[in-house]
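This report concerns only the one structure given below.
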Amino acid sequence: MAGRKPGRNFLFVPGPTNVPDRILRAMHVVMEDHRSSDFPKLTIPLYEELKKIFKTKDGQVVIFPSSGTGAWEAAITNTRSPGDKVLIARFGQFSHLWGELARRHGLDVIAQDEEWGTGANPERIEEALRADQNHEIKGVLVVHNETATGVTSDVAAVRRALDAAKHPALLYVDGVSSIASIDFRMDDWGVDLAITGSQKGLMLPAGLGILAASQKALAQMKDAKCTRCYFDLADHMRTNPSGYFPYTPALPLLYGLRESLAMLQEEGLDNVFARHRHLAEGTRAAVKAWGLKLCAKEPRWHSNTVSAIMVPQGFNGADVIDRAFRRYNLALGAGLSQMAGKLFRIGHLGDLNELMLLGGIAGAEMAMRDVGIEIVPGSGVAAAEEQFRSSQGAKETRIAAE
Ligand SMILES: Cc1ncc(COP(=O)(O)O)c(C=O)c1O
């Protein structure tokens, strides 16, 4: 199929996600002076609205013109010094990369490896913290939703582990593929640094790295010796309260963010979470009907934003992805690092509904059959349809829509 591809591209990678028309229109703006007296009217409310998304009252939110990786870097460099020990639960490509980033900034990174397909282990974390009697570990890093494997960890349980060990380490949480899609509670869970990017649950293009810091985290800034310039929180904290930035902000993205936050509030965050759960349950029903397995080992790890689907022995997940893209104009997520070739991922987050997702499931089904995987035609689509028609999530979603 050379040349023009008619119709829409079916974007089912777990970020970037579909940008709704409303947000595209909101971003279609002429440039303006970001130092004008009008500008704060756009920016100041964004911080208050973002606090609702992170569920923090006392935290400080900062918006960087960067992707999520920049927010990772900001979280580390603003609060830590070279040589500081941090403990990271590592069970997928993104937890691996975050640990690497900290290591490259000179931190002494203790990786607590868990099998890929599982998540953070609060008991092991508690054990490590109890053993650290001199409180040398300064931070515990957890990826809430490991996008590479479709695994969600229990951040509240990690908080309890810190508390049980009576350990003062800061809790750093990557919420890149959870925040605004899966319940996240910064204050309730005692998260000290929470980060996200714009291109997932916030339904925007990539380009904003968003960080929320607790008062406890901010208090550690003055002693943090990691080199920082572009990502220095202090510069933002000086300029943001009056509505300005220390450098030129990504203007259209800020207009898009305003629209995105309005849309999330209109739907209601709890309804957004219920919708993601409902869509994920439909996807999981399809996987079961295909006779395939998720990378996530047990239901308690199931992610409501991304399903990583193991291809049977003897097949390459990359072939499924390539076939889906070339033949059906469907973008599926790849297996990363040690999962390369072993799985493909369906991202089901952001601006998505049941019928859109059925299109993605149908395309995955056809692509798998095309490369020779034995799937009963229509089995995944039928199972997802029935899940959507019958489930409690559907009732909740319908009630929300009425
Ligand atoms: C969980 C998680 N953390 C961090 C990142 C890195 O974010 P970015 O690609 O926006 O820099 C990603 C990207 O997909 C992610 O899924």
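Letters for chains follow the order of the structure tokens (A, B, ...), residue numbers begin at 1 for each chain, and ligand numbers begin at 1 in the order shown.
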
Counting only C-alpha atoms and all ligand atoms, which protein, DNA or RNA residues come within 6 Å of ligand 1, given as a PyMOL selection string?
chain A and resi 67-69+94+145-147+174+176-177+197

In range 145-365 of chain A, DSSP alpha helix (DSSP H) residues written as a PyMOL selection string
chain A and resi 155-164+215-219+233-239+251-267+269-290+317-328+354-365

May I have the residues from that selection written out with C-alpha atoms, as an mmCIF file, in the first residue's frame?
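Once written, again.cif looks like this:
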data_model
loop_
_atom_site.group_PDB
_atom_site.id
_atom_site.type_symbol
_atom_site.label_atom_id
_atom_site.label_comp_id
_atom_site.auth_asym_id
_atom_site.auth_seq_id
_atom_site.Cartn_x
_atom_site.Cartn_y
_atom_site.Cartn_z
ATOM 1 C CA VAL A 155 2.622 3.681 45.617
ATOM 2 C CA ALA A 156 0.573 3.900 48.821
ATOM 3 C CA ALA A 157 2.161 0.618 49.938
ATOM 4 C CA VAL A 158 5.633 2.030 49.215
ATOM 5 C CA ARG A 159 4.754 5.023 51.392
ATOM 6 C CA ARG A 160 3.711 2.657 54.162
ATOM 7 C CA ALA A 161 7.059 0.881 53.795
ATOM 8 C CA LEU A 162 8.927 4.166 54.329
ATOM 9 C CA ASP A 163 6.757 4.979 57.319
ATOM 10 C CA ALA A 164 7.102 1.503 58.825
ATOM 11 C CA GLN A 215 7.399 21.187 51.005
ATOM 12 C CA LYS A 216 9.754 18.553 52.424
ATOM 13 C CA ALA A 217 11.382 18.195 48.989
ATOM 14 C CA LEU A 218 11.648 21.956 48.526
ATOM 15 C CA ALA A 219 13.402 22.252 51.875
ATOM 16 C CA LEU A 233 13.396 24.981 40.264
ATOM 17 C CA ALA A 234 14.509 28.124 42.041
ATOM 18 C CA ASP A 235 14.309 30.145 38.803
ATOM 19 C CA HIS A 236 10.747 28.987 38.278
ATOM 20 C CA MET A 237 9.735 29.570 41.854
ATOM 21 C CA ARG A 238 10.979 33.133 41.552
ATOM 22 C CA THR A 239 9.105 33.907 38.335
ATOM 23 C CA LEU A 251 3.110 28.977 24.335
ATOM 24 C CA PRO A 252 0.716 26.824 22.256
ATOM 25 C CA LEU A 253 1.234 23.937 24.670
ATOM 26 C CA LEU A 254 0.175 26.133 27.565
ATOM 27 C CA TYR A 255 -3.053 26.992 25.736
ATOM 28 C CA GLY A 256 -3.477 23.302 25.040
ATOM 29 C CA LEU A 257 -2.852 22.492 28.692
ATOM 30 C CA ARG A 258 -5.549 24.936 29.771
ATOM 31 C CA GLU A 259 -8.019 23.169 27.490
ATOM 32 C CA SER A 260 -6.878 19.724 28.601
ATOM 33 C CA LEU A 261 -7.330 20.608 32.270
ATOM 34 C CA ALA A 262 -10.798 22.001 31.520
ATOM 35 C CA MET A 263 -11.732 18.767 29.722
ATOM 36 C CA LEU A 264 -10.500 16.603 32.589
ATOM 37 C CA GLN A 265 -12.490 18.656 35.075
ATOM 38 C CA GLU A 266 -15.600 18.506 32.882
ATOM 39 C CA GLU A 267 -15.437 14.725 32.710
ATOM 40 C CA LEU A 269 -11.217 12.843 37.402
ATOM 41 C CA ASP A 270 -12.969 9.853 38.950
ATOM 42 C CA ASN A 271 -14.857 9.294 35.707
ATOM 43 C CA VAL A 272 -11.601 9.575 33.780
ATOM 44 C CA PHE A 273 -10.100 6.838 35.968
ATOM 45 C CA ALA A 274 -13.235 4.665 35.621
ATOM 46 C CA ARG A 275 -13.126 5.060 31.833
ATOM 47 C CA HIS A 276 -9.496 3.994 31.714
ATOM 48 C CA ARG A 277 -10.241 0.967 33.878
ATOM 49 C CA HIS A 278 -13.189 0.061 31.674
ATOM 50 C CA LEU A 279 -11.159 0.349 28.453
ATOM 51 C CA ALA A 280 -8.332 -1.676 29.973
ATOM 52 C CA GLU A 281 -10.768 -4.414 31.004
ATOM 53 C CA GLY A 282 -12.032 -4.645 27.430
ATOM 54 C CA THR A 283 -8.457 -4.954 26.167
ATOM 55 C CA ARG A 284 -7.663 -7.638 28.735
ATOM 56 C CA ALA A 285 -10.786 -9.559 27.707
ATOM 57 C CA ALA A 286 -9.512 -9.479 24.105
ATOM 58 C CA VAL A 287 -6.074 -10.749 25.126
ATOM 59 C CA LYS A 288 -7.666 -13.617 27.036
ATOM 60 C CA ALA A 289 -9.887 -14.517 24.076
ATOM 61 C CA TRP A 290 -6.820 -14.556 21.804
ATOM 62 C CA GLY A 317 6.303 -8.815 18.158
ATOM 63 C CA ALA A 318 8.115 -6.387 15.838
ATOM 64 C CA ASP A 319 6.575 -8.166 12.822
ATOM 65 C CA VAL A 320 3.091 -7.676 14.237
ATOM 66 C CA ILE A 321 3.809 -3.997 14.814
ATOM 67 C CA ASP A 322 5.267 -3.503 11.343
ATOM 68 C CA ARG A 323 2.375 -5.316 9.664
ATOM 69 C CA ALA A 324 -0.174 -3.320 11.678
ATOM 70 C CA PHE A 325 1.476 -0.081 10.660
ATOM 71 C CA ARG A 326 2.043 -0.773 6.987
ATOM 72 C CA ARG A 327 -1.162 -2.626 6.204
ATOM 73 C CA TYR A 328 -3.710 -1.151 8.621
ATOM 74 C CA GLU A 354 -14.841 2.012 23.345
ATOM 75 C CA LEU A 355 -15.329 2.108 19.578
ATOM 76 C CA MET A 356 -11.949 3.674 18.942
ATOM 77 C CA LEU A 357 -10.345 0.941 21.012
ATOM 78 C CA LEU A 358 -12.261 -1.771 19.163
ATOM 79 C CA GLY A 359 -10.605 -0.482 15.982
ATOM 80 C CA GLY A 360 -7.176 -0.925 17.562
ATOM 81 C CA ILE A 361 -8.028 -4.390 18.850
ATOM 82 C CA ALA A 362 -9.361 -5.407 15.398
ATOM 83 C CA GLY A 363 -6.173 -4.177 13.732
ATOM 84 C CA ALA A 364 -3.950 -6.025 16.212
ATOM 85 C CA GLU A 365 -5.986 -9.148 15.613
#

What's the 9 Å shell around range 71-75 of chain A, counting only C-alpha atoms, without same-chain residues fewer than 4 positions away, as a PDB file with N, CA and C atoms, in the first residue's frame?
ATOM      1  N   ILE A  63       6.195  23.833  35.528  1.00  0.00           N
ATOM      2  CA  ILE A  63       6.027  23.342  34.148  1.00  0.00           C
ATOM      3  C   ILE A  63       7.298  23.666  33.363  1.00  0.00           C
ATOM      4  N   PHE A  64       7.972  22.638  32.900  1.00  0.00           N
ATOM      5  CA  PHE A  64       9.181  22.841  32.095  1.00  0.00           C
ATOM      6  C   PHE A  64       8.872  22.598  30.617  1.00  0.00           C
ATOM      7  N   SER A  66       9.838  20.660  28.256  1.00  0.00           N
ATOM      8  CA  SER A  66      10.678  19.465  28.079  1.00  0.00           C
ATOM      9  C   SER A  66       9.747  18.260  27.960  1.00  0.00           C
ATOM     10  N   SER A  67      10.315  17.117  27.754  1.00  0.00           N
ATOM     11  CA  SER A  67       9.491  15.903  27.850  1.00  0.00           C
ATOM     12  C   SER A  67       9.583  15.401  29.296  1.00  0.00           C
ATOM     13  N   THR A  79      17.141  18.250  44.163  1.00  0.00           N
ATOM     14  CA  THR A  79      17.031  17.789  45.548  1.00  0.00           C
ATOM     15  C   THR A  79      18.219  16.950  46.006  1.00  0.00           C
ATOM     16  N   ARG A  80      19.116  16.585  45.101  1.00  0.00           N
ATOM     17  CA  ARG A  80      20.180  15.644  45.467  1.00  0.00           C
ATOM     18  C   ARG A  80      21.568  16.185  45.132  1.00  0.00           C
ATOM     19  N   TRP A  98      15.450   5.797  34.434  1.00  0.00           N
ATOM     20  CA  TRP A  98      15.453   6.816  35.500  1.00  0.00           C
ATOM     21  C   TRP A  98      16.656   6.600  36.432  1.00  0.00           C
ATOM     22  N   LEU A 101      19.719   7.828  34.702  1.00  0.00           N
ATOM     23  CA  LEU A 101      19.806   9.294  34.726  1.00  0.00           C
ATOM     24  C   LEU A 101      20.403   9.756  36.062  1.00  0.00           C
ATOM     25  N   ALA A 102      19.916   9.150  37.145  1.00  0.00           N
ATOM     26  CA  ALA A 102      20.428   9.526  38.471  1.00  0.00           C
ATOM     27  C   ALA A 102      21.915   9.170  38.574  1.00  0.00           C
ATOM     28  N   HIS A 105      24.140  11.590  36.943  1.00  0.00           N
ATOM     29  CA  HIS A 105      24.310  12.823  37.724  1.00  0.00           C
ATOM     30  C   HIS A 105      25.173  12.573  38.961  1.00  0.00           C
ATOM     31  N   TYR A 172      10.132   9.637  45.434  1.00  0.00           N
ATOM     32  CA  TYR A 172      10.081  10.184  44.071  1.00  0.00           C
ATOM     33  C   TYR A 172       9.204   9.256  43.228  1.00  0.00           C
ATOM     34  N   ASP A 174       7.457   8.544  39.399  1.00  0.00           N
ATOM     35  CA  ASP A 174       7.236   8.814  37.982  1.00  0.00           C
ATOM     36  C   ASP A 174       5.781   8.470  37.680  1.00  0.00           C
ATOM     37  N   LEU A 193       8.219  14.008  45.279  1.00  0.00           N
ATOM     38  CA  LEU A 193       8.427  14.548  43.938  1.00  0.00           C
ATOM     39  C   LEU A 193       7.670  13.672  42.960  1.00  0.00           C
ATOM     40  N   ALA A 194       6.713  14.283  42.282  1.00  0.00           N
ATOM     41  CA  ALA A 194       5.908  13.536  41.307  1.00  0.00           C
ATOM     42  C   ALA A 194       6.110  14.199  39.954  1.00  0.00           C
ATOM     43  N   ILE A 195       6.263  13.384  38.939  1.00  0.00           N
ATOM     44  CA  ILE A 195       6.499  13.994  37.620  1.00  0.00           C
ATOM     45  C   ILE A 195       5.576  13.385  36.557  1.00  0.00           C
ATOM     46  N   THR A 196       5.309  14.177  35.549  1.00  0.00           N
ATOM     47  CA  THR A 196       4.601  13.641  34.385  1.00  0.00           C
ATOM     48  C   THR A 196       5.009  14.412  33.135  1.00  0.00           C
ATOM     49  N   GLY A 197       4.544  13.917  31.998  1.00  0.00           N
ATOM     50  CA  GLY A 197       4.781  14.585  30.711  1.00  0.00           C
ATOM     51  C   GLY A 197       3.432  14.888  30.082  1.00  0.00           C
ATOM     52  N   LEU A 208       5.877  19.269  27.400  1.00  0.00           N
ATOM     53  CA  LEU A 208       5.842  19.813  28.758  1.00  0.00           C
ATOM     54  C   LEU A 208       6.246  18.709  29.731  1.00  0.00           C
ATOM     55  N   GLY A 209       7.201  19.033  30.578  1.00  0.00           N
ATOM     56  CA  GLY A 209       7.574  18.145  31.676  1.00  0.00           C
ATOM     57  C   GLY A 209       7.058  18.802  32.944  1.00  0.00           C
ATOM     58  N   ILE A 210       6.223  18.104  33.685  1.00  0.00           N
ATOM     59  CA  ILE A 210       5.565  18.745  34.831  1.00  0.00           C
ATOM     60  C   ILE A 210       6.023  18.056  36.111  1.00  0.00           C
ATOM     61  N   LEU A 211       6.382  18.879  37.073  1.00  0.00           N
ATOM     62  CA  LEU A 211       6.922  18.372  38.326  1.00  0.00           C
ATOM     63  C   LEU A 211       6.121  18.967  39.471  1.00  0.00           C
ATOM     64  N   ALA A 212       5.779  18.129  40.443  1.00  0.00           N
ATOM     65  CA  ALA A 212       5.165  18.639  41.678  1.00  0.00           C
ATOM     66  C   ALA A 212       6.079  18.232  42.826  1.00  0.00           C
ATOM     67  N   ALA A 213       6.411  19.199  43.669  1.00  0.00           N
ATOM     68  CA  ALA A 213       7.344  18.946  44.771  1.00  0.00           C
ATOM     69  C   ALA A 213       6.660  19.273  46.098  1.00  0.00           C
ATOM     70  N   ARG A 228      22.668  22.216  38.065  1.00  0.00           N
ATOM     71  CA  ARG A 228      21.398  22.444  37.368  1.00  0.00           C
ATOM     72  C   ARG A 228      21.373  23.893  36.889  1.00  0.00           C
ATOM     73  N   TYR A 230      19.116  24.885  33.442  1.00  0.00           N
ATOM     74  CA  TYR A 230      17.833  24.974  32.729  1.00  0.00           C
ATOM     75  C   TYR A 230      16.688  24.442  33.593  1.00  0.00           C
ATOM     76  N   PHE A 231      16.984  23.404  34.380  1.00  0.00           N
ATOM     77  CA  PHE A 231      15.932  22.763  35.183  1.00  0.00           C
ATOM     78  C   PHE A 231      15.943  23.231  36.636  1.00  0.00           C
ATOM     79  N   ASP A 232      16.538  24.389  36.881  1.00  0.00           N
ATOM     80  CA  ASP A 232      16.602  24.863  38.264  1.00  0.00           C
ATOM     81  C   ASP A 232      15.211  25.321  38.725  1.00  0.00           C
ATOM     82  N   LEU A 233      14.719  24.634  39.729  1.00  0.00           N
ATOM     83  CA  LEU A 233      13.396  24.981  40.264  1.00  0.00           C
ATOM     84  C   LEU A 233      13.361  26.398  40.815  1.00  0.00           C
TER      85      LEU A 233
END

Would you mind listing what lies within 10 Å of Gly372 in chain A as a list of chain:residue names, with only C-alpha atoms counted and same-chain residues fewer than 5 positions away left out?
A:Phe315, A:Val320, A:Met366, A:Ala367

From a DSSP calculation on the backbone, collect every residue of range 236-387 of chain A in strand (DSSP E) and output the set as a ChimeraX atom specification.
/A:293-294,306-310,330-334,343-347

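Between Asn316 in chain A and the residues A:Ala383, A:Ala165, A:Leu332, A:Ala340, the shortest atom-to-atom distance, using only C-alpha atoms, involves A:Ala340.
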
Distance of CA of Ile23 in chain A from CA of Met203 in chain A, expressed in Å to one decimal place
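If I compute the distance from CA of Met203 in chain A to CA of Ile23 in chain A, I get 8.1 Å.
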
Using only C-alpha atoms, which protein or nucleic acid residues come within 9 Å of Thr149 in chain A? Drop anything in the same chain fewer than 5 positions from it, and give the result as a count of residues only.
19

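With only C-alpha atoms as the atoms that count, the minimum distance from Pro16 in chain A to the choices A:Ser95, A:Thr248, A:Gln338, A:Gln199 is reached by A:Gln199.
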
Return the single residue from A:Gly314, A:Gly139, A:Ser181, A:Ala169 that is closest to Gly268 in chain A, with distances computed using only C-alpha atoms.
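So, comparing all the options, the nearest one is A:Ser181.
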
One decimal, Å: what's the distance from CA of Lys138 in chain A over to CA of Val86 in chain A, could you say?
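Spanning CA of Lys138 in chain A to CA of Val86 in chain A is a straight-line distance of 5.6 Å.
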
Minimum-distance residue to Lys57 in chain A, chosen among A:Glu386, A:Asp113, A:Asp187, A:Asp351 (using only C-alpha atoms)
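When distances to Lys57 in chain A are compared using only C-alpha atoms, the smallest one comes from A:Asp187.
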
Go through A:Arg90, A:Arg103, A:Lys85, A:Lys5 and flag the residue nearest His144 in chain A, using only C-alpha atoms for the distances.
A:Arg90

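CA of Gly83 in chain A to CA of Ala120 in chain A spans 23.6 Å [interatomic distance, one decimal].
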
For Ile88 in chain A: contacts at 7 Å, only C-alpha atoms, fewer than 5 positions along chain excluded, given as a short mmCIF file (atom, residue, chain, number, x, y, z; two decimals) with C-alpha atoms, in the first residue's frame:
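File written: result19.cif
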data_model
loop_
_atom_site.label_atom_id
_atom_site.label_comp_id
_atom_site.auth_asym_id
_atom_site.auth_seq_id
_atom_site.Cartn_x
_atom_site.Cartn_y
_atom_site.Cartn_z
CA GLY A 99 18.07 5.03 37.57
CA ILE A 110 20.98 1.08 44.47
CA ALA A 111 18.77 -0.84 42.09
CA GLN A 112 16.28 -3.24 43.57
CA VAL A 140 13.24 6.03 46.99
CA LEU A 141 12.35 6.12 43.29
CA VAL A 142 9.28 4.34 41.95
#

Just want the 12 Å neighbourhood of Lys166 in chain A, counted on only C-alpha atoms, with same-chain residues fewer than 4 positions away dropped. Output as a PyMOL selection string.
chain A and resi 126-135+159-162+170
